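Undergrad: Structure in structure tokens, see below.
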Amino acid sequence: MPNLLHRLNISSINALLIDIHGVLFNTSPSGPIAIENSVHAFNKLKKSRIPLRLCSNESQISGEVVLKKLLDLGFNASIDDIFNPPKAVKSALLSRNLRPLLLIHSDLQAFFADIEQTDCNCVVLGDTALELTSEKLYAAFNLLIANPNAKFYSMGQGRYYKHGDGLMMDLGGYMKALEYWTGVSAEVIGKPSKAFFQMVVDDLKATTDSCVMIGDDVVSDVGGAQNSGLKGVLVRTGKYRPEDELRNDVKPNLVVNDLNDFVAQLEAQNLL
């Protein structure tokens, strides 16, 4: 087997960033379904010497709810493993004393319940699935138009993600629309933002050139990681499509069948 570190163009792997949806499990109308062998692979990583973070753009629910899903499926995860946009956005709101107009999913409302939300002076956009209404968009539009210096936070800028047997539009299109309508640029807190990747790397007490991101989104996961100084590994699960490997704008450092395939290669070369 060719040397894994050589193929990744890295001297050593000091930390791993792993996407959740499409790498550990897929969603379905009946709930999350673990991807084959992903529980075994993840739990093996947790026992290894390599620190990791579950670096997700999940913005419909809080990290605590994500953790419960993982535990129910058998993943030996902890709340400290999970690094997602709602946690980072809430920290920013509190530190900057901001009062948000929230365009978020109803399942995430409770997470922000302790944040003042009257006389709003910023907008927070998350993945609302099918809940975003024209009334909510107009409210955000009017706030940003009236206050061009107001903060506009977007919990990612993805195009779509896998949901059940199909695809669901992500929040990126709505973010771009609000930017166009108002002339206010969003601060993206989530992949593929360099600032978000740096926050995760800092949390791991690592350096970008020693970290590897594993994901199913060739743009947000792989491209975002590479643009931030990390290495990007693409898995052929989740939202992956064969044409992802043929893009000219993003070239993964490595393509593997799934997380278990990557872990098996680490193990075979005594890197765990």
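Chain labels run A, B, ... following the order of the structure tokens; each chain numbers its residues from 1, and ligands are numbered from 1 in the order shown.
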List as a ChimeraX atom specification the protein and nucleic acid residues near Phe152 in chain A, meaning an atom at most 12 Å away when only C-alpha atoms are counted, but skip any in the same chain fewer than 3 places from it.
TA: /A:89,92-93,98-103,120-126,140-141,143-145,147-149,155-156,175-176,178-179,182-189
Undergrad: Select from range 121-254 of chain A everything DSSP, run on the backbone, classes as helix (DSSP H, G or I), then give the selection as an MDAnalysis selection string.
TA: chainID A and resid 134:146 172:182 194:203 208:210 218:227 242:246
Undergrad: What gap, in Å, lies between CA of Tyr161 in chain A and CA of Thr208 in chain A?
TA: 25.9 Å
Undergrad: Env of Lys239 in chain A: 8 Å cut, atoms = only C-alpha atoms, seq-sep filter 3 positions within chain, self excluded. Answer as a PyMOL selection string.
TA: chain A and resi 22+161-162+167+216-217
Undergrad: Write to file, as a compact mmCIF listing (two decimals), in the first residue's frame, the residues of the selection just made, with C-alpha atoms.
TA:
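Generated output (out_26.txt):
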# COMPACT_ATOMS: atom_id res chain seq x y z
CA GLY A 22 -22.60 11.87 5.34
CA TYR A 161 -27.00 18.15 1.70
CA LYS A 162 -28.25 14.59 1.63
CA LEU A 167 -31.12 16.28 -1.43
CA ASP A 216 -18.37 14.17 2.03
CA ASP A 217 -18.65 17.76 0.75
Undergrad: Just the residues within 8 Å of Phe75 in chain A, please, counting only C-alpha atoms, with nothing from its chain fewer than 6 positions along; format it as number ranges by chain.
TA: A: 39, 42-43
Undergrad: So that I can check the surroundings of range 243-246 of chain A, please list as a PyMOL selection string every protein, DNA and RNA residue that reaches within 9 Å of it, counting only C-alpha atoms and ignoring chain neighbours fewer than 4 positions away.
TA: chain A and resi 217-219+234+250-252+255
Undergrad: Pick out the residues sitting within 9 Å of Ile79 in chain A, and hand them over as a ChimeraX atom specification; count only C-alpha atoms, and ignore anything fewer than 5 positions along from it in its own chain.
TA: /A:63-64,66-67
Undergrad: Would you give me, as a compact mmCIF listing (two decimals) with all heavy atoms, in the first residue's frame, the residues in range 27-255 of chain A that DSSP reads as strand (DSSP E)?
TA:
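Saved to part_24.txt:
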# COMPACT_ATOMS: atom_id res chain seq x y z
N ILE A 33 -29.31 7.16 10.33
CA ILE A 33 -28.88 5.77 10.09
C ILE A 33 -27.37 5.77 9.95
O ILE A 33 -26.81 6.45 9.08
CB ILE A 33 -29.53 5.20 8.81
CG1 ILE A 33 -31.06 5.22 8.93
CG2 ILE A 33 -29.02 3.79 8.53
CD1 ILE A 33 -31.76 4.82 7.63
N ALA A 34 -26.70 5.01 10.81
CA ALA A 34 -25.24 4.96 10.78
C ALA A 34 -24.76 4.39 9.45
O ALA A 34 -25.30 3.39 8.95
CB ALA A 34 -24.70 4.12 11.93
N LEU A 52 -9.41 14.41 18.03
CA LEU A 52 -10.33 14.69 16.94
C LEU A 52 -11.44 15.63 17.39
O LEU A 52 -11.70 15.79 18.58
CB LEU A 52 -10.93 13.40 16.39
CG LEU A 52 -11.76 12.50 17.33
CD1 LEU A 52 -13.21 12.98 17.43
CD2 LEU A 52 -11.73 11.05 16.85
N ARG A 53 -12.07 16.26 16.40
CA ARG A 53 -13.28 17.03 16.61
C ARG A 53 -14.27 16.69 15.50
O ARG A 53 -13.88 16.50 14.35
CB ARG A 53 -13.00 18.55 16.58
CG ARG A 53 -12.23 19.06 17.76
CD ARG A 53 -13.00 18.99 19.06
NE ARG A 53 -12.22 19.53 20.17
CZ ARG A 53 -11.40 18.80 20.92
NH1 ARG A 53 -11.24 17.50 20.66
NH2 ARG A 53 -10.75 19.36 21.92
N LEU A 54 -15.52 16.62 15.87
CA LEU A 54 -16.60 16.42 14.91
C LEU A 54 -17.02 17.80 14.43
O LEU A 54 -17.72 18.53 15.12
CB LEU A 54 -17.75 15.66 15.55
CG LEU A 54 -17.38 14.24 15.99
CD1 LEU A 54 -18.53 13.59 16.75
CD2 LEU A 54 -17.00 13.39 14.78
N CYS A 55 -16.52 18.15 13.26
CA CYS A 55 -16.63 19.51 12.72
C CYS A 55 -17.80 19.55 11.75
O CYS A 55 -17.66 19.28 10.57
CB CYS A 55 -15.31 19.86 12.04
SG CYS A 55 -15.20 21.51 11.37
N ILE A 82 -17.70 17.74 19.77
CA ILE A 82 -18.57 18.38 18.77
C ILE A 82 -18.28 19.88 18.68
O ILE A 82 -18.32 20.60 19.68
CB ILE A 82 -20.05 18.14 19.11
CG1 ILE A 82 -20.34 16.63 19.08
CG2 ILE A 82 -20.96 18.87 18.12
CD1 ILE A 82 -21.72 16.26 19.56
N PHE A 83 -17.99 20.32 17.47
CA PHE A 83 -17.74 21.74 17.20
C PHE A 83 -18.65 22.15 16.06
O PHE A 83 -18.40 21.80 14.91
CB PHE A 83 -16.28 21.97 16.84
CG PHE A 83 -15.77 23.33 17.21
CD1 PHE A 83 -14.98 23.52 18.33
CD2 PHE A 83 -16.10 24.44 16.44
CE1 PHE A 83 -14.52 24.78 18.69
CE2 PHE A 83 -15.66 25.70 16.78
CZ PHE A 83 -14.85 25.87 17.92
N PRO A 100 -30.12 39.11 18.51
CA PRO A 100 -30.33 38.60 17.15
C PRO A 100 -31.79 38.48 16.71
O PRO A 100 -32.67 38.15 17.49
CB PRO A 100 -29.70 37.21 17.23
CG PRO A 100 -30.00 36.77 18.63
CD PRO A 100 -29.86 38.02 19.47
N LEU A 101 -32.00 38.74 15.43
CA LEU A 101 -33.19 38.28 14.73
C LEU A 101 -32.82 36.91 14.19
O LEU A 101 -31.93 36.80 13.34
CB LEU A 101 -33.57 39.23 13.60
CG LEU A 101 -34.70 38.76 12.66
CD1 LEU A 101 -36.01 38.63 13.43
CD2 LEU A 101 -34.86 39.71 11.49
N LEU A 102 -33.47 35.87 14.68
CA LEU A 102 -33.07 34.50 14.37
C LEU A 102 -33.88 33.93 13.22
O LEU A 102 -35.10 33.80 13.30
CB LEU A 102 -33.23 33.61 15.60
CG LEU A 102 -32.39 33.97 16.83
CD1 LEU A 102 -32.79 33.12 18.02
CD2 LEU A 102 -30.89 33.77 16.52
N LEU A 103 -33.19 33.55 12.15
CA LEU A 103 -33.78 32.78 11.06
C LEU A 103 -33.22 31.37 11.18
O LEU A 103 -32.28 30.98 10.50
CB LEU A 103 -33.42 33.39 9.69
CG LEU A 103 -34.27 34.56 9.18
CD1 LEU A 103 -34.18 35.74 10.11
CD2 LEU A 103 -33.85 34.96 7.77
N CYS A 122 -28.87 42.48 14.95
CA CYS A 122 -28.12 41.61 14.04
C CYS A 122 -29.03 40.51 13.53
O CYS A 122 -30.13 40.30 14.07
CB CYS A 122 -26.89 41.02 14.74
SG CYS A 122 -27.26 39.75 15.97
N VAL A 123 -28.57 39.82 12.51
CA VAL A 123 -29.33 38.71 11.92
C VAL A 123 -28.48 37.44 12.00
O VAL A 123 -27.28 37.46 11.72
CB VAL A 123 -29.69 39.00 10.45
CG1 VAL A 123 -30.28 37.76 9.77
CG2 VAL A 123 -30.67 40.16 10.36
N VAL A 124 -29.13 36.34 12.39
CA VAL A 124 -28.47 35.02 12.42
C VAL A 124 -29.26 34.08 11.53
O VAL A 124 -30.46 33.88 11.74
CB VAL A 124 -28.39 34.45 13.85
CG1 VAL A 124 -27.88 33.02 13.82
CG2 VAL A 124 -27.49 35.31 14.73
N LEU A 125 -28.59 33.51 10.54
CA LEU A 125 -29.23 32.59 9.60
C LEU A 125 -28.69 31.18 9.80
O LEU A 125 -27.48 30.96 9.86
CB LEU A 125 -28.94 33.04 8.16
CG LEU A 125 -29.42 32.11 7.03
CD1 LEU A 125 -30.94 32.02 6.99
CD2 LEU A 125 -28.88 32.59 5.68
N LYS A 151 -24.48 43.34 12.14
CA LYS A 151 -23.84 42.06 11.88
C LYS A 151 -24.84 41.09 11.23
O LYS A 151 -26.01 41.05 11.61
CB LYS A 151 -23.30 41.44 13.18
CG LYS A 151 -22.03 42.10 13.69
CD LYS A 151 -20.84 41.72 12.83
CE LYS A 151 -19.54 42.23 13.40
NZ LYS A 151 -18.38 41.86 12.55
N PHE A 152 -24.35 40.31 10.29
CA PHE A 152 -25.13 39.27 9.64
C PHE A 152 -24.32 37.98 9.71
O PHE A 152 -23.30 37.86 9.06
CB PHE A 152 -25.43 39.69 8.20
CG PHE A 152 -26.09 38.62 7.34
CD1 PHE A 152 -26.83 37.58 7.89
CD2 PHE A 152 -25.98 38.67 5.95
CE1 PHE A 152 -27.43 36.62 7.10
CE2 PHE A 152 -26.57 37.72 5.14
CZ PHE A 152 -27.28 36.69 5.72
N TYR A 153 -24.77 37.06 10.56
CA TYR A 153 -24.07 35.79 10.73
C TYR A 153 -24.79 34.68 9.98
O TYR A 153 -26.02 34.53 10.08
CB TYR A 153 -24.00 35.40 12.21
CG TYR A 153 -23.20 36.35 13.07
CD1 TYR A 153 -23.83 37.18 13.98
CD2 TYR A 153 -21.81 36.39 13.00
CE1 TYR A 153 -23.11 38.05 14.78
CE2 TYR A 153 -21.08 37.25 13.80
CZ TYR A 153 -21.74 38.08 14.69
OH TYR A 153 -21.02 38.94 15.48
N SER A 154 -24.03 33.88 9.25
CA SER A 154 -24.59 32.71 8.57
C SER A 154 -23.86 31.47 9.06
O SER A 154 -22.63 31.42 9.04
CB SER A 154 -24.44 32.84 7.04
OG SER A 154 -25.00 31.73 6.38
N TYR A 160 -26.30 22.31 -0.71
CA TYR A 160 -27.30 21.27 -0.45
C TYR A 160 -26.66 20.17 0.37
O TYR A 160 -25.43 20.12 0.54
CB TYR A 160 -27.85 20.68 -1.76
CG TYR A 160 -26.79 20.09 -2.67
CD1 TYR A 160 -26.34 18.78 -2.50
CD2 TYR A 160 -26.23 20.84 -3.71
CE1 TYR A 160 -25.37 18.24 -3.33
CE2 TYR A 160 -25.27 20.30 -4.53
CZ TYR A 160 -24.84 19.00 -4.34
OH TYR A 160 -23.87 18.47 -5.15
N TYR A 161 -27.50 19.30 0.92
CA TYR A 161 -27.00 18.15 1.70
C TYR A 161 -27.95 16.98 1.49
O TYR A 161 -29.09 17.15 1.04
CB TYR A 161 -26.86 18.49 3.18
CG TYR A 161 -28.12 19.03 3.84
CD1 TYR A 161 -29.05 18.17 4.42
CD2 TYR A 161 -28.37 20.41 3.89
CE1 TYR A 161 -30.19 18.66 5.03
CE2 TYR A 161 -29.51 20.91 4.50
CZ TYR A 161 -30.42 20.03 5.07
OH TYR A 161 -31.56 20.52 5.65
N LYS A 162 -27.46 15.81 1.82
CA LYS A 162 -28.25 14.59 1.63
C LYS A 162 -29.29 14.48 2.73
O LYS A 162 -28.99 14.67 3.90
CB LYS A 162 -27.35 13.35 1.64
CG LYS A 162 -28.09 12.05 1.35
CD LYS A 162 -27.13 10.89 1.21
CE LYS A 162 -27.88 9.56 1.01
NZ LYS A 162 -28.70 9.57 -0.21
N HIS A 163 -30.53 14.19 2.34
CA HIS A 163 -31.62 14.00 3.30
C HIS A 163 -32.50 12.87 2.81
O HIS A 163 -33.15 12.98 1.77
CB HIS A 163 -32.43 15.29 3.45
CG HIS A 163 -33.54 15.18 4.46
ND1 HIS A 163 -33.31 15.20 5.82
CD2 HIS A 163 -34.88 15.03 4.30
CE1 HIS A 163 -34.45 15.08 6.46
NE2 HIS A 163 -35.42 14.97 5.57
N GLY A 166 -32.97 11.78 -1.03
CA GLY A 166 -32.79 12.92 -1.92
C GLY A 166 -31.84 13.95 -1.35
O GLY A 166 -31.02 13.66 -0.49
N LEU A 167 -31.96 15.17 -1.85
CA LEU A 167 -31.12 16.28 -1.43
C LEU A 167 -32.01 17.42 -0.92
O LEU A 167 -33.11 17.63 -1.41
CB LEU A 167 -30.25 16.78 -2.58
CG LEU A 167 -29.24 15.78 -3.15
CD1 LEU A 167 -28.58 16.36 -4.40
CD2 LEU A 167 -28.18 15.41 -2.12
N MET A 168 -31.49 18.14 0.07
CA MET A 168 -32.19 19.29 0.64
C MET A 168 -31.36 20.55 0.38
O MET A 168 -30.14 20.54 0.55
CB MET A 168 -32.37 19.10 2.14
CG MET A 168 -33.11 20.23 2.85
SD MET A 168 -34.89 20.21 2.56
CE MET A 168 -35.36 18.84 3.65
N MET A 169 -32.02 21.63 -0.04
CA MET A 169 -31.31 22.89 -0.22
C MET A 169 -30.76 23.37 1.12
O MET A 169 -31.46 23.33 2.13
CB MET A 169 -32.24 23.96 -0.80
CG MET A 169 -32.65 23.71 -2.22
SD MET A 169 -33.53 25.13 -2.95
CE MET A 169 -34.91 25.32 -1.82
N GLU A 187 -20.97 37.21 7.78
CA GLU A 187 -19.81 36.59 8.42
C GLU A 187 -20.16 35.12 8.59
O GLU A 187 -21.06 34.77 9.36
CB GLU A 187 -19.52 37.23 9.77
CG GLU A 187 -18.33 36.61 10.49
CD GLU A 187 -17.99 37.29 11.80
OE1 GLU A 187 -18.36 38.46 11.98
OE2 GLU A 187 -17.36 36.63 12.66
N VAL A 188 -19.50 34.27 7.84
CA VAL A 188 -19.81 32.84 7.87
C VAL A 188 -19.14 32.20 9.08
O VAL A 188 -17.92 32.27 9.24
CB VAL A 188 -19.36 32.14 6.57
CG1 VAL A 188 -19.65 30.65 6.65
CG2 VAL A 188 -20.06 32.76 5.37
N CYS A 211 -3.19 18.93 10.49
CA CYS A 211 -4.58 18.48 10.66
C CYS A 211 -5.17 17.99 9.34
O CYS A 211 -4.85 18.51 8.27
CB CYS A 211 -5.45 19.62 11.18
SG CYS A 211 -5.08 20.13 12.87
N VAL A 212 -6.05 17.02 9.45
CA VAL A 212 -6.72 16.44 8.28
C VAL A 212 -8.22 16.52 8.49
O VAL A 212 -8.74 16.13 9.54
CB VAL A 212 -6.31 14.97 8.06
CG1 VAL A 212 -7.11 14.35 6.92
CG2 VAL A 212 -4.82 14.87 7.78
N MET A 213 -8.93 17.05 7.48
CA MET A 213 -10.39 17.12 7.49
C MET A 213 -10.95 15.99 6.64
O MET A 213 -10.51 15.78 5.50
CB MET A 213 -10.84 18.47 6.93
CG MET A 213 -12.35 18.62 6.73
SD MET A 213 -13.24 18.80 8.28
CE MET A 213 -14.84 18.06 7.86
N ILE A 214 -11.92 15.26 7.17
CA ILE A 214 -12.56 14.15 6.46
C ILE A 214 -14.03 14.49 6.26
O ILE A 214 -14.76 14.70 7.24
CB ILE A 214 -12.43 12.83 7.24
CG1 ILE A 214 -10.97 12.53 7.57
CG2 ILE A 214 -13.06 11.69 6.46
CD1 ILE A 214 -10.78 11.40 8.56
N GLY A 215 -14.48 14.57 5.01
CA GLY A 215 -15.86 14.94 4.77
C GLY A 215 -16.39 14.45 3.44
O GLY A 215 -15.64 13.97 2.59
N LYS A 231 -5.24 19.48 5.32
CA LYS A 231 -5.38 18.51 4.25
C LYS A 231 -6.84 18.05 4.20
O LYS A 231 -7.51 17.99 5.23
CB LYS A 231 -4.46 17.31 4.46
CG LYS A 231 -2.99 17.68 4.63
CD LYS A 231 -2.46 18.47 3.45
CE LYS A 231 -1.00 18.85 3.65
NZ LYS A 231 -0.47 19.69 2.56
N GLY A 232 -7.32 17.74 3.00
CA GLY A 232 -8.72 17.36 2.84
C GLY A 232 -8.88 15.97 2.27
O GLY A 232 -8.33 15.65 1.22
N VAL A 233 -9.65 15.13 2.97
CA VAL A 233 -9.94 13.77 2.54
C VAL A 233 -11.42 13.67 2.20
O VAL A 233 -12.29 14.03 3.01
CB VAL A 233 -9.60 12.74 3.63
CG1 VAL A 233 -10.03 11.34 3.20
CG2 VAL A 233 -8.10 12.76 3.93
N LEU A 234 -11.73 13.21 1.00
CA LEU A 234 -13.10 13.06 0.54
C LEU A 234 -13.54 11.60 0.68
O LEU A 234 -12.83 10.69 0.24
CB LEU A 234 -13.21 13.49 -0.93
CG LEU A 234 -14.59 13.39 -1.58
CD1 LEU A 234 -15.58 14.36 -0.94
CD2 LEU A 234 -14.49 13.63 -3.09
N VAL A 235 -14.71 11.39 1.29
CA VAL A 235 -15.27 10.04 1.40
C VAL A 235 -16.36 9.86 0.35
O VAL A 235 -17.05 10.80 -0.02
CB VAL A 235 -15.86 9.77 2.80
CG1 VAL A 235 -14.77 9.72 3.86
CG2 VAL A 235 -16.91 10.81 3.17
N LEU A 254 -6.77 13.14 -0.74
CA LEU A 254 -7.00 11.69 -0.73
C LEU A 254 -8.50 11.44 -0.86
O LEU A 254 -9.31 12.19 -0.33
CB LEU A 254 -6.48 11.09 0.59
CG LEU A 254 -6.60 9.57 0.77
CD1 LEU A 254 -5.64 8.85 -0.18
CD2 LEU A 254 -6.29 9.20 2.22
N VAL A 255 -8.86 10.38 -1.60
CA VAL A 255 -10.24 9.94 -1.70
C VAL A 255 -10.32 8.52 -1.18
O VAL A 255 -9.52 7.66 -1.57
CB VAL A 255 -10.76 9.99 -3.16
CG1 VAL A 255 -12.21 9.53 -3.23
CG2 VAL A 255 -10.62 11.39 -3.74
